[in-house]
Amino acid sequence: MWPAGDPSSSNSRRVTTEPHLVIERRTEAVHSVRIDAESALSRIIGKDRLETNSLHHQAVDRLGRQLVAVAWADDGTIESIEDLESEIVAVQWHPEQMPDRPEQMRLFSWLIEKAEGHRRSNR
């Protein structure tokens with residue numbers, strides 16, 4: 001993880017140009033995220049670019065085995081990762097804070113669908 005907040009901080013290893021810790025605007029889009037068109041995330045939300053809120057002060061620095069970055073802020077900050085061998089999609093923003101945006105809510109519809117399918121298969 002690397003600090004994504006204050007670029008003047010002595011702890012920062014990377015300077016960011018996008019706002020990544022904007023708590024007072026948690027329900028608003030504060031920056032754009034570019035999404036790999038071949039990713040599960042893109043298939044779920046139906047877009048390859050998305051406006052998001054941003055409430056984080058850290059970001060992914062190095063990916064673990066089997067993980068791949070699939071979305072980035074314009075400054076290069078990784079905003080979403082996926083597991084290559086399972087149906088894991090992780091996002092850095094908070095879609096639950098943006099319920100008026102259908103593309104954000106599609107993440108939850110997908111999660112519910114996967115959970116229901118898992119429950120049915122384990123009966």
# chains A, B, ... in the order shown; residues from 1 in each chain; ligands from 1
>>> residues_around(residues="A:Leu84", least_positions_apart="3", cutoff="7 Å", atoms="only C-alpha atoms", output="ChimeraX atom specification")
/A:66-68
>>> residues_around(residues="A:Glu79", least_positions_apart="4", cutoff="12 Å", atoms="only C-alpha atoms", output="CSV table (one decimal) with N, CA and C atoms, in the first residue's frame")
chain,number,residue,atom,x,y,z
A,4,ALA,N,-2.0,7.8,-0.6
A,4,ALA,CA,-2.5,8.4,-1.8
A,4,ALA,C,-3.1,9.8,-1.5
A,18,GLU,N,-4.8,13.4,-8.7
A,18,GLU,CA,-6.2,13.3,-8.5
A,18,GLU,C,-6.6,13.4,-7.0
A,20,HIS,N,-7.9,11.9,-3.8
A,20,HIS,CA,-8.3,10.5,-3.4
A,20,HIS,C,-8.9,10.4,-2.0
A,31,HIS,N,-13.6,12.1,-9.3
A,31,HIS,CA,-12.6,11.8,-10.3
A,31,HIS,C,-13.1,10.7,-11.2
A,32,SER,N,-12.5,10.6,-12.3
A,32,SER,CA,-12.8,9.6,-13.3
A,32,SER,C,-11.9,8.3,-13.2
A,33,VAL,N,-12.5,7.2,-13.5
A,33,VAL,CA,-11.7,5.9,-13.4
A,33,VAL,C,-11.8,5.3,-14.8
A,34,ARG,N,-10.7,4.9,-15.4
A,34,ARG,CA,-10.6,4.2,-16.6
A,34,ARG,C,-10.6,2.7,-16.3
A,35,ILE,N,-11.5,1.9,-17.0
A,35,ILE,CA,-11.7,0.5,-16.7
A,35,ILE,C,-11.3,-0.3,-18.0
A,36,ASP,N,-10.5,-1.4,-17.7
A,36,ASP,CA,-10.2,-2.3,-18.8
A,36,ASP,C,-11.4,-2.9,-19.4
A,41,LEU,N,-15.2,-6.2,-14.1
A,41,LEU,CA,-15.8,-4.9,-13.7
A,41,LEU,C,-16.5,-4.2,-14.8
A,49,ARG,N,-15.4,3.6,-18.5
A,49,ARG,CA,-15.0,4.8,-17.8
A,49,ARG,C,-16.1,5.1,-16.8
A,50,LEU,N,-15.8,5.6,-15.6
A,50,LEU,CA,-16.7,5.8,-14.6
A,50,LEU,C,-16.3,6.9,-13.7
A,51,GLU,N,-17.3,7.7,-13.3
A,51,GLU,CA,-17.0,8.8,-12.3
A,51,GLU,C,-17.3,8.2,-10.9
A,52,THR,N,-16.3,8.4,-10.0
A,52,THR,CA,-16.4,7.8,-8.7
A,52,THR,C,-16.2,8.9,-7.6
A,53,ASN,N,-16.6,8.5,-6.4
A,53,ASN,CA,-16.2,9.2,-5.2
A,53,ASN,C,-14.8,8.7,-4.8
A,54,SER,N,-14.2,9.3,-3.8
A,54,SER,CA,-12.9,8.8,-3.4
A,54,SER,C,-12.7,9.1,-2.0
A,55,LEU,N,-12.6,8.1,-1.2
A,55,LEU,CA,-12.5,8.2,0.3
A,55,LEU,C,-11.2,7.5,0.8
A,56,HIS,N,-10.2,7.3,0.0
A,56,HIS,CA,-9.1,6.5,0.5
A,56,HIS,C,-7.8,7.3,0.6
A,58,GLN,N,-4.9,5.4,1.0
A,58,GLN,CA,-3.9,4.4,0.6
A,58,GLN,C,-4.3,3.8,-0.7
A,59,ALA,N,-3.4,3.2,-1.5
A,59,ALA,CA,-3.7,2.5,-2.7
A,59,ALA,C,-2.8,1.3,-2.9
A,60,VAL,N,-3.2,0.5,-3.8
A,60,VAL,CA,-2.4,-0.7,-4.1
A,60,VAL,C,-1.1,-0.3,-4.7
A,61,ASP,N,0.0,-0.8,-4.2
A,61,ASP,CA,1.3,-0.6,-4.8
A,61,ASP,C,1.8,-1.8,-5.6
A,68,VAL,N,-4.9,-8.8,-10.8
A,68,VAL,CA,-4.6,-8.0,-11.9
A,68,VAL,C,-5.3,-6.6,-11.7
A,69,ALA,N,-4.7,-5.5,-12.0
A,69,ALA,CA,-5.3,-4.2,-12.0
A,69,ALA,C,-6.2,-4.1,-13.2
A,70,VAL,N,-7.4,-3.6,-13.0
A,70,VAL,CA,-8.4,-3.5,-14.1
A,70,VAL,C,-9.0,-2.1,-14.2
A,71,ALA,N,-8.6,-1.2,-13.3
A,71,ALA,CA,-9.2,0.2,-13.3
A,71,ALA,C,-8.2,1.2,-12.7
A,72,TRP,N,-8.0,2.4,-13.3
A,72,TRP,CA,-7.1,3.3,-12.8
A,72,TRP,C,-7.6,4.7,-12.9
A,73,ALA,N,-7.2,5.5,-11.9
A,73,ALA,CA,-7.5,7.0,-11.9
A,73,ALA,C,-6.6,7.6,-13.0
A,74,ASP,N,-6.9,8.8,-13.4
A,74,ASP,CA,-6.1,9.4,-14.5
A,74,ASP,C,-4.6,9.6,-14.1
A,75,ASP,N,-4.3,9.6,-12.7
A,75,ASP,CA,-3.0,9.8,-12.3
A,75,ASP,C,-2.2,8.4,-12.2
A,89,VAL,N,-13.9,-9.2,-7.4
A,89,VAL,CA,-13.8,-7.9,-7.9
A,89,VAL,C,-13.7,-6.9,-6.7
A,90,ALA,N,-12.6,-6.2,-6.7
A,90,ALA,CA,-12.5,-5.2,-5.6
A,90,ALA,C,-12.3,-3.8,-6.1
A,91,VAL,N,-13.0,-2.8,-5.5
A,91,VAL,CA,-12.9,-1.5,-6.0
A,91,VAL,C,-12.4,-0.6,-4.8
A,92,GLN,N,-11.7,0.5,-5.2
A,92,GLN,CA,-11.1,1.4,-4.2
A,92,GLN,C,-12.1,2.4,-3.7
A,93,TRP,N,-13.1,2.7,-4.5
A,93,TRP,CA,-14.1,3.7,-4.1
A,93,TRP,C,-15.2,3.1,-3.4
A,94,HIS,N,-16.2,3.9,-3.0
A,94,HIS,CA,-17.4,3.5,-2.2
A,94,HIS,C,-18.7,3.6,-3.0
>>> atom_distance(atom1="atom CA of A:Pro99", atom2="atom CA of A:Ile45")
13.6 Å
>>> select_by_dssp(residues="stretch 28-82 of chain A", states="strand (DSSP E or B)", output="ChimeraX atom specification")
/A:31-35,49-52,55,58-59,67-73,78-82
>>> write_last_selection(atoms="C-alpha atoms", output="tab-separated table (two decimals), in the first residue's frame")
chain	number	residue	atom	x	y	z
A	31	HIS	CA	-12.64	11.84	-10.35
A	32	SER	CA	-12.80	9.56	-13.33
A	33	VAL	CA	-11.70	5.93	-13.44
A	34	ARG	CA	-10.62	4.17	-16.65
A	35	ILE	CA	-11.68	0.50	-16.74
A	49	ARG	CA	-15.03	4.78	-17.81
A	50	LEU	CA	-16.74	5.75	-14.58
A	51	GLU	CA	-17.02	8.77	-12.33
A	52	THR	CA	-16.42	7.83	-8.69
A	55	LEU	CA	-12.45	8.24	0.28
A	58	GLN	CA	-3.86	4.44	0.55
A	59	ALA	CA	-3.74	2.53	-2.71
A	67	LEU	CA	-4.39	-10.39	-9.01
A	68	VAL	CA	-4.61	-7.95	-11.89
A	69	ALA	CA	-5.31	-4.23	-11.97
A	70	VAL	CA	-8.38	-3.46	-14.07
A	71	ALA	CA	-9.16	0.21	-13.34
A	72	TRP	CA	-7.06	3.32	-12.82
A	73	ALA	CA	-7.51	6.98	-11.94
A	78	ILE	CA	-5.06	1.52	-9.17
A	79	GLU	CA	-8.78	1.79	-8.45
A	80	SER	CA	-9.90	-1.82	-8.98
A	81	ILE	CA	-8.35	-5.27	-8.95
A	82	GLU	CA	-9.60	-8.74	-9.86
>>> closest_residue(among="A:Thr27, A:Ala115, A:Gly76, A:Gly64", to="A:Arg101", atoms="only C-alpha atoms")
A:Thr27
>>> closest_residue(among="A:Arg65, A:Arg106, A:Lys114, A:Arg120", to="A:Lys47", atoms="only C-alpha atoms")
A:Arg106
>>> atom_distance(atom1="atom CA of A:Glu113", atom2="atom CA of A:Glu87")
11.9 Å
